[in-house]
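Student: Coordinates in target.csv, CSV, C-alpha atoms, are listed below.
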chain,number,residue,atom,x,y,z
A,27,MET,CA,0.0,0.0,0.0
A,28,PRO,CA,1.4,3.4,-0.8
A,29,ARG,CA,3.0,4.9,2.3
A,30,ARG,CA,1.2,8.3,2.0
A,31,LEU,CA,-2.1,6.6,2.2
A,32,THR,CA,-1.4,4.3,5.1
A,33,THR,CA,-2.0,6.8,7.9
A,34,VAL,CA,-5.2,8.1,6.4
A,35,LEU,CA,-6.6,4.7,5.7
A,36,ALA,CA,-5.9,3.6,9.3
A,37,ALA,CA,-7.6,6.8,10.6
A,38,THR,CA,-10.7,6.1,8.5
A,39,ALA,CA,-11.0,2.5,9.4
A,40,ALA,CA,-13.4,3.3,12.2
A,41,ILE,CA,-15.5,5.4,9.9
A,42,ALA,CA,-15.6,2.6,7.4
A,43,ALA,CA,-16.7,0.2,10.1
A,44,LEU,CA,-19.6,2.4,11.0
A,45,THR,CA,-20.7,2.4,7.4
A,46,LEU,CA,-21.2,-1.4,7.4
A,47,SER,CA,-24.6,-0.7,9.0
A,48,GLY,CA,-25.6,1.0,5.7
A,49,CYS,CA,-25.7,4.6,6.9
A,50,SER,CA,-24.9,7.0,4.1
A,51,ALA,CA,-25.9,10.3,2.4
A,52,SER,CA,-27.8,8.2,-0.1
A,53,ASP,CA,-29.7,6.1,2.4
A,54,SER,CA,-33.4,6.6,2.9
A,55,ASP,CA,-36.4,4.8,4.3
A,56,GLY,CA,-37.4,3.9,0.8
A,57,ASP,CA,-39.1,0.8,-0.5
A,58,ALA,CA,-37.5,-2.4,0.9
A,59,GLY,CA,-38.4,-4.4,-2.1
A,60,SER,CA,-36.4,-1.9,-4.3
A,61,ASP,CA,-33.5,-2.3,-1.9
A,62,ALA,CA,-33.7,-6.1,-2.2
A,63,ALA,CA,-33.9,-5.9,-6.0
A,64,ALA,CA,-30.7,-3.8,-6.1
A,65,GLY,CA,-29.0,-6.1,-3.7
A,66,GLY,CA,-29.7,-9.0,-6.1
A,67,ALA,CA,-27.6,-7.3,-8.8
A,68,PHE,CA,-24.4,-8.0,-6.8
A,69,PRO,CA,-21.7,-8.9,-7.1
A,70,VAL,CA,-21.1,-7.2,-10.4
A,71,THR,CA,-18.0,-6.9,-12.4
A,72,ILE,CA,-17.3,-4.0,-14.7
A,73,GLU,CA,-14.6,-4.1,-17.4
A,74,HIS,CA,-12.6,-0.9,-18.0
A,75,ALA,CA,-9.3,0.4,-19.5
A,76,PHE,CA,-7.2,-0.9,-16.5
A,77,GLY,CA,-8.8,-4.3,-16.3
A,78,GLU,CA,-12.0,-5.0,-14.3
A,79,THR,CA,-13.5,-4.1,-11.0
A,80,THR,CA,-15.8,-6.2,-8.9
A,81,ILE,CA,-18.3,-4.6,-6.6
A,82,ASP,CA,-19.4,-7.2,-4.1
A,83,ALA,CA,-22.4,-5.4,-2.6
A,84,GLU,CA,-24.7,-2.5,-3.2
A,85,PRO,CA,-22.6,0.7,-2.6
A,86,THR,CA,-23.8,2.9,0.2
A,87,ARG,CA,-20.9,5.4,0.3
A,88,VAL,CA,-20.1,6.6,-3.2
A,89,VAL,CA,-17.3,9.0,-4.2
A,90,THR,CA,-17.2,10.3,-7.7
A,91,TRP,CA,-14.3,11.8,-9.7
A,92,GLY,CA,-14.2,13.4,-13.1
A,93,TRP,CA,-17.3,14.5,-15.0
A,94,GLY,CA,-20.8,13.2,-15.0
A,95,SER,CA,-20.7,10.4,-12.5
A,96,ALA,CA,-22.0,12.6,-9.7
A,97,ASP,CA,-24.8,13.9,-11.9
A,98,ASP,CA,-25.8,10.4,-13.0
A,99,ALA,CA,-25.7,8.9,-9.5
A,100,ILE,CA,-28.0,11.7,-8.2
A,101,ALA,CA,-30.3,11.3,-11.2
A,102,LEU,CA,-30.6,7.6,-10.2
A,103,GLY,CA,-31.4,8.5,-6.6
A,104,VAL,CA,-28.0,7.9,-5.0
A,105,VAL,CA,-26.4,11.0,-3.4
A,106,PRO,CA,-22.6,10.5,-3.2
A,107,VAL,CA,-20.7,11.3,0.0
A,108,ALA,CA,-18.1,13.2,-2.0
A,109,ILE,CA,-18.0,14.9,-5.4
A,110,PRO,CA,-15.4,16.7,-7.4
A,111,PHE,CA,-15.0,20.5,-7.5
A,112,GLN,CA,-16.2,21.8,-10.9
A,113,ALA,CA,-14.5,25.1,-11.6
A,114,TYR,CA,-16.1,25.5,-15.0
A,115,GLY,CA,-19.8,26.1,-14.6
A,116,GLY,CA,-19.9,25.5,-10.9
A,117,ASP,CA,-20.6,28.1,-8.2
A,118,GLU,CA,-18.0,29.4,-5.7
A,119,ASN,CA,-18.1,26.0,-4.0
A,120,GLY,CA,-17.6,24.1,-7.2
A,121,VAL,CA,-21.2,22.8,-7.3
A,122,LEU,CA,-23.0,22.7,-10.7
A,123,PRO,CA,-26.4,24.3,-10.8
A,124,TRP,CA,-28.3,21.2,-11.9
A,125,ILE,CA,-26.7,19.3,-9.1
A,126,ALA,CA,-27.7,21.9,-6.6
A,127,GLU,CA,-31.3,21.9,-7.9
A,128,ALA,CA,-31.6,18.1,-7.9
A,129,LEU,CA,-30.3,17.9,-4.4
A,130,ASP,CA,-32.7,20.5,-3.3
A,131,GLU,CA,-35.6,18.7,-5.0
A,132,GLN,CA,-34.6,15.5,-3.2
A,133,GLY,CA,-34.2,17.3,0.2
A,134,ALA,CA,-30.6,16.2,0.3
A,135,ASP,CA,-27.5,18.1,1.6
A,136,VAL,CA,-24.7,19.0,-0.7
A,137,PRO,CA,-22.0,16.3,-0.4
A,138,THR,CA,-18.4,17.0,0.6
A,139,VAL,CA,-16.8,18.8,-2.4
A,140,LEU,CA,-13.3,17.5,-3.0
A,141,SER,CA,-10.4,20.0,-3.5
A,142,ASP,CA,-10.0,21.6,-6.9
A,143,SER,CA,-7.1,19.6,-8.4
A,144,THR,CA,-6.1,17.7,-11.5
A,145,GLU,CA,-4.9,14.8,-9.5
A,146,PRO,CA,-7.4,13.0,-7.2
A,147,PRO,CA,-7.1,14.2,-3.6
A,148,TYR,CA,-6.4,10.8,-2.1
A,149,GLU,CA,-6.5,11.7,1.5
A,150,GLU,CA,-9.8,13.5,1.2
A,151,ILE,CA,-11.3,10.6,-0.8
A,152,ALA,CA,-10.0,8.1,1.8
A,153,ALA,CA,-11.5,10.2,4.6
A,154,ALA,CA,-14.9,9.9,2.9
A,155,ALA,CA,-14.7,6.1,3.5
A,156,PRO,CA,-16.2,5.1,0.1
A,157,ASP,CA,-17.1,1.6,-0.8
A,158,VAL,CA,-16.9,2.5,-4.5
A,159,ILE,CA,-15.2,5.3,-6.5
A,160,LEU,CA,-16.9,6.2,-9.8
A,161,ALA,CA,-14.4,7.6,-12.4
A,162,ALA,CA,-15.8,6.4,-15.7
A,163,TYR,CA,-15.5,9.8,-17.3
A,164,SER,CA,-12.2,11.1,-16.1
A,165,GLY,CA,-8.5,11.4,-16.9
A,166,VAL,CA,-7.1,9.1,-14.2
A,167,THR,CA,-3.9,7.4,-15.1
A,168,GLU,CA,-3.0,3.8,-14.3
A,169,GLU,CA,-0.9,4.9,-11.4
A,170,GLN,CA,-3.8,7.1,-10.0
A,171,TYR,CA,-6.2,4.2,-10.5
A,172,GLU,CA,-3.9,1.9,-8.5
A,173,LEU,CA,-3.7,4.5,-5.7
A,174,LEU,CA,-7.4,4.9,-5.6
A,175,SER,CA,-7.9,1.2,-5.7
A,176,ASP,CA,-6.1,1.0,-2.3
A,177,ILE,CA,-9.0,3.0,-0.9
A,178,ALA,CA,-12.0,1.3,-2.6
A,179,PRO,CA,-13.0,-0.4,-5.8
A,180,VAL,CA,-12.7,2.0,-8.7
A,181,VAL,CA,-14.8,2.0,-11.9
A,182,ALA,CA,-12.6,3.6,-14.6
A,183,TYR,CA,-13.4,4.6,-18.2
A,184,PRO,CA,-14.0,1.8,-20.7
A,185,ASP,CA,-11.4,2.8,-23.3
A,186,GLU,CA,-9.8,6.3,-23.4
A,187,PRO,CA,-9.7,9.1,-20.8
A,188,TRP,CA,-12.3,11.8,-21.1
A,189,SER,CA,-14.1,10.0,-24.0
A,190,THR,CA,-16.9,7.9,-22.5
A,191,ASP,CA,-20.2,8.4,-24.3
A,192,TRP,CA,-22.7,10.1,-21.9
A,193,ARG,CA,-25.3,7.5,-22.5
A,194,GLU,CA,-22.8,4.7,-21.7
A,195,LEU,CA,-21.8,6.6,-18.6
A,196,ILE,CA,-25.4,6.5,-17.3
A,197,GLU,CA,-25.5,2.8,-18.0
A,198,ILE,CA,-22.1,2.2,-16.2
A,199,THR,CA,-23.2,4.2,-13.2
A,200,GLY,CA,-26.5,2.3,-13.1
A,201,THR,CA,-24.6,-1.0,-13.2
A,202,ALA,CA,-22.2,0.0,-10.5
A,203,LEU,CA,-25.0,1.2,-8.2
A,204,GLY,CA,-27.4,-1.7,-8.8
A,205,LYS,CA,-29.7,0.8,-10.6
A,206,SER,CA,-29.7,-0.6,-14.1
A,207,ASP,CA,-33.5,-0.5,-14.5
A,208,GLU,CA,-33.5,3.1,-13.3
A,209,ALA,CA,-30.7,3.9,-15.8
A,210,THR,CA,-32.8,2.5,-18.6
A,211,THR,CA,-35.8,4.6,-17.5
A,212,LEU,CA,-33.7,7.7,-17.2
A,213,LEU,CA,-32.3,7.3,-20.7
A,214,ALA,CA,-35.8,6.7,-22.1
A,215,ASP,CA,-37.1,9.8,-20.3
A,216,ILE,CA,-34.3,11.9,-21.8
A,217,ASP,CA,-34.9,10.5,-25.3
A,218,ASP,CA,-38.6,11.2,-24.9
A,219,THR,CA,-37.9,14.8,-23.9
A,220,ILE,CA,-35.6,15.3,-26.9
A,221,ALA,CA,-38.1,13.8,-29.3
A,222,GLU,CA,-40.9,16.0,-27.9
A,223,LYS,CA,-38.8,19.1,-28.5
A,224,ALA,CA,-38.0,18.0,-32.0
A,225,ALA,CA,-41.6,17.3,-32.8
A,226,ALA,CA,-42.6,20.7,-31.5
A,227,HIS,CA,-40.1,22.5,-33.7
A,228,PRO,CA,-40.5,21.3,-37.3
A,229,GLU,CA,-38.4,24.3,-38.4
A,230,PHE,CA,-35.4,22.3,-37.3
A,231,ASP,CA,-36.0,19.4,-39.6
A,232,GLY,CA,-33.3,19.1,-42.3
A,233,LYS,CA,-31.6,22.4,-41.6
A,234,THR,CA,-27.8,22.3,-41.6
A,235,VAL,CA,-26.0,23.5,-38.5
A,236,ALA,CA,-22.4,24.3,-37.5
A,237,LEU,CA,-21.5,24.5,-33.8
A,238,THR,CA,-18.6,26.8,-32.9
A,239,SER,CA,-17.0,29.0,-30.3
A,240,ASP,CA,-14.8,32.1,-30.6
A,241,THR,CA,-12.5,32.3,-27.6
A,242,ALA,CA,-9.3,34.2,-27.0
A,243,GLY,CA,-8.7,34.8,-30.6
A,244,VAL,CA,-9.2,31.1,-31.6
A,245,PHE,CA,-12.2,29.9,-33.6
A,246,TYR,CA,-13.3,26.4,-32.8
A,247,VAL,CA,-15.6,24.2,-34.9
A,248,TYR,CA,-17.1,21.1,-33.3
A,249,THR,CA,-17.2,17.8,-35.2
A,250,ASP,CA,-19.9,15.2,-35.5
A,251,ALA,CA,-18.1,13.3,-32.7
A,252,ASP,CA,-18.8,16.0,-30.2
A,253,PRO,CA,-22.0,15.4,-28.1
A,254,ARG,CA,-23.2,19.0,-28.8
A,255,VAL,CA,-23.5,18.2,-32.5
A,256,THR,CA,-25.2,14.9,-31.7
A,257,PHE,CA,-27.7,16.7,-29.5
A,258,ALA,CA,-28.4,19.1,-32.4
A,259,THR,CA,-29.0,16.3,-34.9
A,260,GLU,CA,-31.3,14.5,-32.4
A,261,LEU,CA,-33.4,17.7,-32.4
A,262,GLY,CA,-33.8,17.5,-36.2
A,263,PHE,CA,-30.8,19.4,-37.6
A,264,GLU,CA,-28.2,18.0,-39.9
A,265,SER,CA,-24.5,18.6,-39.5
A,266,ALA,CA,-23.4,21.0,-42.3
A,267,PRO,CA,-21.2,19.3,-44.9
A,268,SER,CA,-18.8,22.2,-44.6
A,269,VAL,CA,-17.9,21.0,-41.0
A,270,ALA,CA,-16.5,17.8,-42.3
A,271,GLU,CA,-14.9,19.4,-45.4
A,272,LEU,CA,-12.9,21.9,-43.3
A,273,ALA,CA,-11.8,19.4,-40.7
A,274,ASN,CA,-8.0,19.1,-40.3
A,275,GLY,CA,-7.7,16.2,-38.0
A,276,GLU,CA,-6.7,18.4,-35.0
A,277,SER,CA,-8.9,16.5,-32.6
A,278,ASP,CA,-11.7,13.9,-32.8
A,279,PHE,CA,-14.1,16.4,-31.3
A,280,PHE,CA,-13.1,19.8,-32.7
A,281,TYR,CA,-10.7,21.7,-34.9
A,282,THR,CA,-9.7,25.3,-35.3
A,283,ILE,CA,-9.8,27.5,-38.4
A,284,SER,CA,-8.5,30.9,-39.2
A,285,TYR,CA,-10.9,33.8,-39.4
A,286,GLU,CA,-10.1,34.1,-43.1
A,287,GLN,CA,-11.8,30.7,-43.6
A,288,LEU,CA,-15.1,31.6,-41.9
A,289,ASP,CA,-16.9,32.3,-45.2
A,290,LYS,CA,-16.3,28.6,-46.1
A,291,LEU,CA,-18.1,27.4,-43.0
A,292,THR,CA,-21.5,27.4,-44.6
A,293,SER,CA,-24.7,26.2,-42.9
A,294,ASP,CA,-28.3,27.3,-42.5
A,295,VAL,CA,-27.8,28.0,-38.8
A,296,ILE,CA,-24.7,28.5,-36.6
A,297,VAL,CA,-24.6,27.9,-32.9
A,298,ASN,CA,-21.8,29.9,-31.2
A,299,PHE,CA,-21.1,29.0,-27.6
A,300,ALA,CA,-19.7,31.7,-25.3
A,301,ALA,CA,-18.7,31.8,-21.7
A,302,THR,CA,-19.8,35.5,-21.3
A,303,GLN,CA,-22.1,37.9,-23.0
A,304,GLU,CA,-19.1,40.1,-23.9
A,305,GLU,CA,-17.5,37.1,-25.6
A,306,SER,CA,-20.7,36.5,-27.6
A,307,ASP,CA,-21.1,40.1,-28.6
A,308,ALA,CA,-17.5,40.3,-29.6
A,309,PHE,CA,-18.0,37.5,-32.1
A,310,LEU,CA,-21.3,38.9,-33.5
A,311,ASN,CA,-19.8,42.4,-34.0
A,312,ALA,CA,-16.4,41.3,-35.3
A,313,GLY,CA,-15.6,42.2,-38.9
A,314,TYR,CA,-14.6,38.7,-39.7
A,315,ALA,CA,-18.0,37.4,-38.7
A,316,GLN,CA,-19.8,39.6,-41.1
A,317,VAL,CA,-18.7,37.5,-44.1
A,318,MET,CA,-20.7,34.6,-42.8
A,319,PRO,CA,-24.2,34.3,-44.3
A,320,GLN,CA,-25.6,33.0,-41.0
A,321,VAL,CA,-24.5,36.2,-39.2
A,322,GLN,CA,-25.9,38.3,-42.1
A,323,ASN,CA,-29.2,36.5,-41.8
A,324,ASN,CA,-29.4,36.6,-38.0
A,325,ALA,CA,-29.5,32.8,-38.1
A,326,VAL,CA,-27.3,32.5,-35.1
A,327,ALA,CA,-28.1,30.9,-31.8
A,328,SER,CA,-25.8,32.2,-29.0
A,329,PRO,CA,-25.9,30.1,-25.8
A,330,VAL,CA,-24.1,32.1,-23.2
A,331,GLY,CA,-22.6,31.1,-19.8
A,332,ALA,CA,-20.1,28.6,-18.5
A,333,ALA,CA,-22.9,26.6,-16.9
A,334,PHE,CA,-24.8,26.2,-20.1
A,335,VAL,CA,-21.7,25.3,-22.1
A,336,ALA,CA,-20.8,22.8,-19.5
A,337,SER,CA,-24.2,21.3,-19.5
A,338,VAL,CA,-23.8,20.0,-23.0
A,339,SER,CA,-20.0,19.4,-23.1
A,340,PRO,CA,-20.8,16.6,-22.7
A,341,PRO,CA,-24.3,16.3,-21.2
A,342,THR,CA,-25.2,14.1,-18.2
A,343,GLY,CA,-28.2,12.5,-16.8
A,344,LEU,CA,-29.1,15.8,-15.0
A,345,SER,CA,-27.6,18.5,-17.3
A,346,LEU,CA,-29.0,17.7,-20.7
A,347,THR,CA,-32.6,18.7,-19.9
A,348,TRP,CA,-31.5,21.4,-17.4
A,349,GLY,CA,-31.2,24.1,-20.1
A,350,ILE,CA,-33.1,22.5,-22.9
A,351,ASP,CA,-36.0,25.0,-23.0
A,352,ASP,CA,-33.8,28.1,-23.4
A,353,TYR,CA,-31.5,26.3,-25.9
A,354,VAL,CA,-34.4,25.1,-28.1
A,355,ALA,CA,-35.9,28.6,-28.0
A,356,GLN,CA,-32.7,30.1,-29.3
A,357,LEU,CA,-32.4,27.5,-32.0
A,358,SER,CA,-36.0,28.2,-33.1
A,359,VAL,CA,-35.3,31.9,-33.5
A,360,ALA,CA,-32.2,31.1,-35.6
A,361,ALA,CA,-34.0,28.5,-37.7
A,362,LEU,CA,-36.9,30.8,-38.4
A,363,ALA,CA,-34.5,33.6,-39.4
A,364,ALA,CA,-32.8,31.2,-41.8
A,365,ASP,CA,-36.3,30.5,-43.3
A,366,ALA,CA,-37.0,34.2,-43.7
A,367,ALA,CA,-33.7,34.8,-45.5
A,368,LYS,CA,-34.6,32.3,-48.3
As structure tokens - that is how I would like this structure written.
Tutor:
Amino acid sequence: MPRRLTTVLAATAAIAALTLSGCSASDSDGDAGSDAAAGGAFPVTIEHAFGETTIDAEPTRVVTWGWGSADDAIALGVVPVAIPFQAYGGDENGVLPWIAEALDEQGADVPTVLSDSTEPPYEEIAAAAPDVILAAYSGVTEEQYELLSDIAPVVAYPDEPWSTDWRELIEITGTALGKSDEATTLLADIDDTIAEKAAAHPEFDGKTVALTSDTAGVFYVYTDADPRVTFATELGFESAPSVAELANGESDFFYTISYEQLDKLTSDVIVNFAATQEESDAFLNAGYAQVMPQVQNNAVASPVGAAFVASVSPPTGLSLTWGIDDYVAQLSVAALAADAAK
């Protein structure tokens, strides 16, 4: 066992013993039949990039690391005992708005928020006395995985860091928590919501879209592999052919182009994400943007705010529907402007 964890683990042994009774932030006086059904799902073995992890019994003290696992656990009715600090989109305490709202709706307290760091804060995680650590959308290295595994079973990502599909993440979380049926229901509910929005907005159907951001002098275009683009196509849009034509292989999820190339990024509608209103306005008023037909036609949706950008980058079991009404309203205005320009 790594020396730096020995003292902390010894100190938390008493806490861990207390948790054997099943007391945790996610416990409730809920339906005993449901508890029994969840217990019947164990032991469960989950394969991942570093091998496989077996969870012997239904977790009662869950720690999450990375992105999305905390959201999905809460969406499935399990409140973790510790969650990561989210600097982008979170409040001053590192708590994302959709997590805060969901906890409030459930009458639950905000869990311990771990320190804001790129490396897992091992001592803090050990102090939380987890019986499972969910890190299926994260950047943990094999060394970090081994260190975390000295604390509790760790569910890592299936293949590559920071690349787990958001739907698969919900499924993995459900499996780890004995909530597979609830995960299936959650996914179906999300799909129904998206389908309802698409049906209510026939102006989206068949229109081409390009999703972008203009940040610190760099213009980003998001590829079909990015979940933001997938979300737009599920609403009825089609990814503009120009997005694929201009791709330079810079990344699977995005690429950058010069401002001189913006006239080649043709589409019916453009969605430009911005962290602040000032950033959004700067793009719309920039001379280089005026060459774009979408800008000339006011066929631009401009989602603003770190929280909103985070909610779809990638989405989670809580975040995707959190801002969907405002997003769809902006898309509708842009799509109707594209129609008017024809």
Student: May I ask which of the residues A:Gly204, A:Gly349, A:Pro156, A:Pro184 is the closest one to Ile220 in chain A, counting all atoms listed in the file?
Tutor: A:Gly349
Student: Excluding Asp294 in chain A and any residue of its chain fewer than 6 positions from it, enumerate the residues within 9 Å of it, using all atoms listed in the file, and give them as a list in words.
Tutor: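 These residues fall inside the cut-off: Lys233, Thr234, Val235, Ala236, Ala266, Pro319, Gln320, Ala325, Ala360, Ala361, Ala364 and Asp365 of chain A.
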Student: For each of A:Ala333, A:Ala134, A:Val255, A:Ile196, take the minimum atom-to-atom distance to Ala301 in chain A, counting only C-alpha atoms, then give the residue where this is smallest.
Tutor: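 For Ala301 in chain A, the nearest of the given residues is A:Ala333.
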Student: Hey, can you check how far CA of Phe111 in chain A sits from CA of Gly200 in chain A?
Tutor: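 Atom-to-atom, CA of Phe111 in chain A and CA of Gly200 in chain A are spaced 22.2 Å apart.
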Student: For a quick check of understanding, using only C-alpha atoms, which of A:Ser339, A:Ser95, A:Thr138, A:Ser284 has the smallest distance to Ala108 in chain A?
Tutor: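 Closest residue, counting only C-alpha atoms: A:Thr138.
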Student: Between A:Leu237, A:Ala312, A:Leu160, A:Ala67, which has the minimum distance to Val107 in chain A (counting all atoms listed in the file)?
Tutor: A:Leu160
Student: Kindly give the distance, in Å, that separates CA of Val139 in chain A and CA of Leu122 in chain A, rounded to a single decimal.
Tutor: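 These atoms are spaced 11.1 Å apart.
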Student: Expressed in Å to a single decimal, how great is the separation between CA of Phe280 in chain A and CA of Ala224 in chain A?
Tutor: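 If I compute the distance from CA of Phe280 in chain A to CA of Ala224 in chain A, I get 25.0 Å.
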Student: Would you list the contacts of Trp124 in chain A as a ChimeraX atom specification, taking every protein, DNA or RNA residue within 7 Å and counting all atoms listed in the file, but skipping same-chain residues closer than 5 positions in sequence?
Tutor: /A:344-345,348
Student: Write the residues of the preceding selection, restricted to C-alpha atoms, as an mmCIF file, in the frame of the given file.
Tutor:
data_model
loop_
_atom_site.group_PDB
_atom_site.id
_atom_site.type_symbol
_atom_site.label_atom_id
_atom_site.label_comp_id
_atom_site.auth_asym_id
_atom_site.auth_seq_id
_atom_site.Cartn_x
_atom_site.Cartn_y
_atom_site.Cartn_z
ATOM 1 C CA LEU A 344 -29.100 15.800 -15.000
ATOM 2 C CA SER A 345 -27.600 18.500 -17.300
ATOM 3 C CA TRP A 348 -31.500 21.400 -17.400
#
Student: Determine the nearest neighbour of Pro267 in chain A from the options A:Thr292, A:Ala251, A:Thr238, A:Leu357, counting all atoms listed in the file.
Tutor: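 Smallest separation from Pro267 in chain A among the options: A:Thr292.
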Student: Which one of A:Ala182, A:Ala327, A:Leu173, A:Leu261 sits closest to His227 in chain A if you count all atoms listed in the file?
Tutor: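 For His227 in chain A, the nearest of the given residues is A:Leu261.
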Student: With 3 Å of padding per side, what axis-aligned box (centre and edge lengths, Å, one decimal) covers all the listed atoms of range 334-352 of chain A? Give it as AutoDock Vina command-line options.
Tutor:
--center_x -28.0 --center_y 20.3 --center_z -19.2 --size_x 22.0 --size_y 21.6 --size_z 14.4
Student: Can you tell me, as a PyMOL selection string, what residues are no more than 12 Å from Tyr248 in chain A when counting all atoms listed in the file, ignoring any on the same chain fewer than 3 positions away?
Tutor: chain A and resi 235-240+245+251-256+258+265-266+268-270+272-283+291+296-299+339
Student: Would you save the residues from that selection as a CSV table (one decimal), in the coordinates of the input, using C-alpha atoms?
Tutor:
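The resulting out-v5.csv:
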chain,number,residue,atom,x,y,z
A,235,VAL,CA,-26.0,23.5,-38.5
A,236,ALA,CA,-22.4,24.3,-37.5
A,237,LEU,CA,-21.5,24.5,-33.8
A,238,THR,CA,-18.6,26.8,-32.9
A,239,SER,CA,-17.0,29.0,-30.3
A,240,ASP,CA,-14.8,32.1,-30.6
A,245,PHE,CA,-12.2,29.9,-33.6
A,251,ALA,CA,-18.1,13.3,-32.7
A,252,ASP,CA,-18.8,16.0,-30.2
A,253,PRO,CA,-22.0,15.4,-28.1
A,254,ARG,CA,-23.2,19.0,-28.8
A,255,VAL,CA,-23.5,18.2,-32.5
A,256,THR,CA,-25.2,14.9,-31.7
A,258,ALA,CA,-28.4,19.1,-32.4
A,265,SER,CA,-24.5,18.6,-39.5
A,266,ALA,CA,-23.4,21.0,-42.3
A,268,SER,CA,-18.8,22.2,-44.6
A,269,VAL,CA,-17.9,21.0,-41.0
A,270,ALA,CA,-16.5,17.8,-42.3
A,272,LEU,CA,-12.9,21.9,-43.3
A,273,ALA,CA,-11.8,19.4,-40.7
A,274,ASN,CA,-8.0,19.1,-40.3
A,275,GLY,CA,-7.7,16.2,-38.0
A,276,GLU,CA,-6.7,18.4,-35.0
A,277,SER,CA,-8.9,16.5,-32.6
A,278,ASP,CA,-11.7,13.9,-32.8
A,279,PHE,CA,-14.1,16.4,-31.3
A,280,PHE,CA,-13.1,19.8,-32.7
A,281,TYR,CA,-10.7,21.7,-34.9
A,282,THR,CA,-9.7,25.3,-35.3
A,283,ILE,CA,-9.8,27.5,-38.4
A,291,LEU,CA,-18.1,27.4,-43.0
A,296,ILE,CA,-24.7,28.5,-36.6
A,297,VAL,CA,-24.6,27.9,-32.9
A,298,ASN,CA,-21.8,29.9,-31.2
A,299,PHE,CA,-21.1,29.0,-27.6
A,339,SER,CA,-20.0,19.4,-23.1
Student: Find the spatial neighbours of Ile198 in chain A, counting only C-alpha atoms, within a cut-off of 9 Å - ignore same-chain residues fewer than 4 positions away - and output them as a ChimeraX atom specification.
Tutor: /A:72,162,181,193-194,202-203,206,209
Student: Report as a list in words all protein, DNA and RNA residues lying within 12 Å of Thr201 in chain A, evaluated on only C-alpha atoms, omitting residues in the same chain fewer than 6 positions from it.
Tutor: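 Near Thr201 in chain A, the qualifying residues are Ala64, Gly65, Gly66, Ala67, Phe68, Pro69, Val70, Thr71, Ile72, Glu73, Thr79, Thr80, Ile81, Ala83, Glu84, Pro85, Asp98, Ala99, Leu102, Leu160, Ala162, Val181, Glu194, Leu195, Asp207, Glu208, Ala209 and Thr210 of chain A.
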Student: Regenerate range 325-334 of chain A at the level of N, CA, C and O atoms and dump it as a PDB file, in the coordinates of the input.
Tutor:
ATOM      1  N   ALA A 325     -29.226  34.216 -38.400  1.00  0.00           N
ATOM      2  CA  ALA A 325     -29.500  32.800 -38.100  1.00  0.00           C
ATOM      3  C   ALA A 325     -28.452  32.225 -37.199  1.00  0.00           C
ATOM      4  O   ALA A 325     -27.794  31.222 -37.489  1.00  0.00           O
ATOM      5  N   VAL A 326     -28.302  32.902 -36.057  1.00  0.00           N
ATOM      6  CA  VAL A 326     -27.300  32.500 -35.100  1.00  0.00           C
ATOM      7  C   VAL A 326     -27.938  32.318 -33.723  1.00  0.00           C
ATOM      8  O   VAL A 326     -28.673  33.178 -33.232  1.00  0.00           O
ATOM      9  N   ALA A 327     -27.683  31.154 -33.144  1.00  0.00           N
ATOM     10  CA  ALA A 327     -28.100  30.900 -31.800  1.00  0.00           C
ATOM     11  C   ALA A 327     -26.819  31.115 -30.907  1.00  0.00           C
ATOM     12  O   ALA A 327     -25.745  30.614 -31.246  1.00  0.00           O
ATOM     13  N   SER A 328     -26.967  31.860 -29.818  1.00  0.00           N
ATOM     14  CA  SER A 328     -25.800  32.200 -29.000  1.00  0.00           C
ATOM     15  C   SER A 328     -25.970  31.847 -27.556  1.00  0.00           C
ATOM     16  O   SER A 328     -26.250  32.688 -26.694  1.00  0.00           O
ATOM     17  N   PRO A 329     -25.804  30.565 -27.250  1.00  0.00           N
ATOM     18  CA  PRO A 329     -25.900  30.100 -25.800  1.00  0.00           C
ATOM     19  C   PRO A 329     -24.729  30.776 -25.048  1.00  0.00           C
ATOM     20  O   PRO A 329     -23.567  30.717 -25.474  1.00  0.00           O
ATOM     21  N   VAL A 330     -25.055  31.400 -23.941  1.00  0.00           N
ATOM     22  CA  VAL A 330     -24.100  32.100 -23.200  1.00  0.00           C
ATOM     23  C   VAL A 330     -24.018  31.611 -21.726  1.00  0.00           C
ATOM     24  O   VAL A 330     -25.057  31.329 -21.130  1.00  0.00           O
ATOM     25  N   GLY A 331     -22.812  31.499 -21.204  1.00  0.00           N
ATOM     26  CA  GLY A 331     -22.600  31.100 -19.800  1.00  0.00           C
ATOM     27  C   GLY A 331     -21.877  29.826 -19.650  1.00  0.00           C
ATOM     28  O   GLY A 331     -22.152  28.850 -20.369  1.00  0.00           O
ATOM     29  N   ALA A 332     -20.923  29.819 -18.721  1.00  0.00           N
ATOM     30  CA  ALA A 332     -20.100  28.600 -18.500  1.00  0.00           C
ATOM     31  C   ALA A 332     -20.982  27.433 -18.113  1.00  0.00           C
ATOM     32  O   ALA A 332     -20.734  26.300 -18.549  1.00  0.00           O
ATOM     33  N   ALA A 333     -22.010  27.678 -17.307  1.00  0.00           N
ATOM     34  CA  ALA A 333     -22.900  26.600 -16.900  1.00  0.00           C
ATOM     35  C   ALA A 333     -23.573  25.940 -18.050  1.00  0.00           C
ATOM     36  O   ALA A 333     -23.631  24.707 -18.160  1.00  0.00           O
ATOM     37  N   PHE A 334     -24.103  26.771 -18.950  1.00  0.00           N
ATOM     38  CA  PHE A 334     -24.800  26.200 -20.100  1.00  0.00           C
ATOM     39  C   PHE A 334     -23.849  25.426 -20.986  1.00  0.00           C
ATOM     40  O   PHE A 334     -24.143  24.313 -21.430  1.00  0.00           O
TER      41      PHE A 334
END
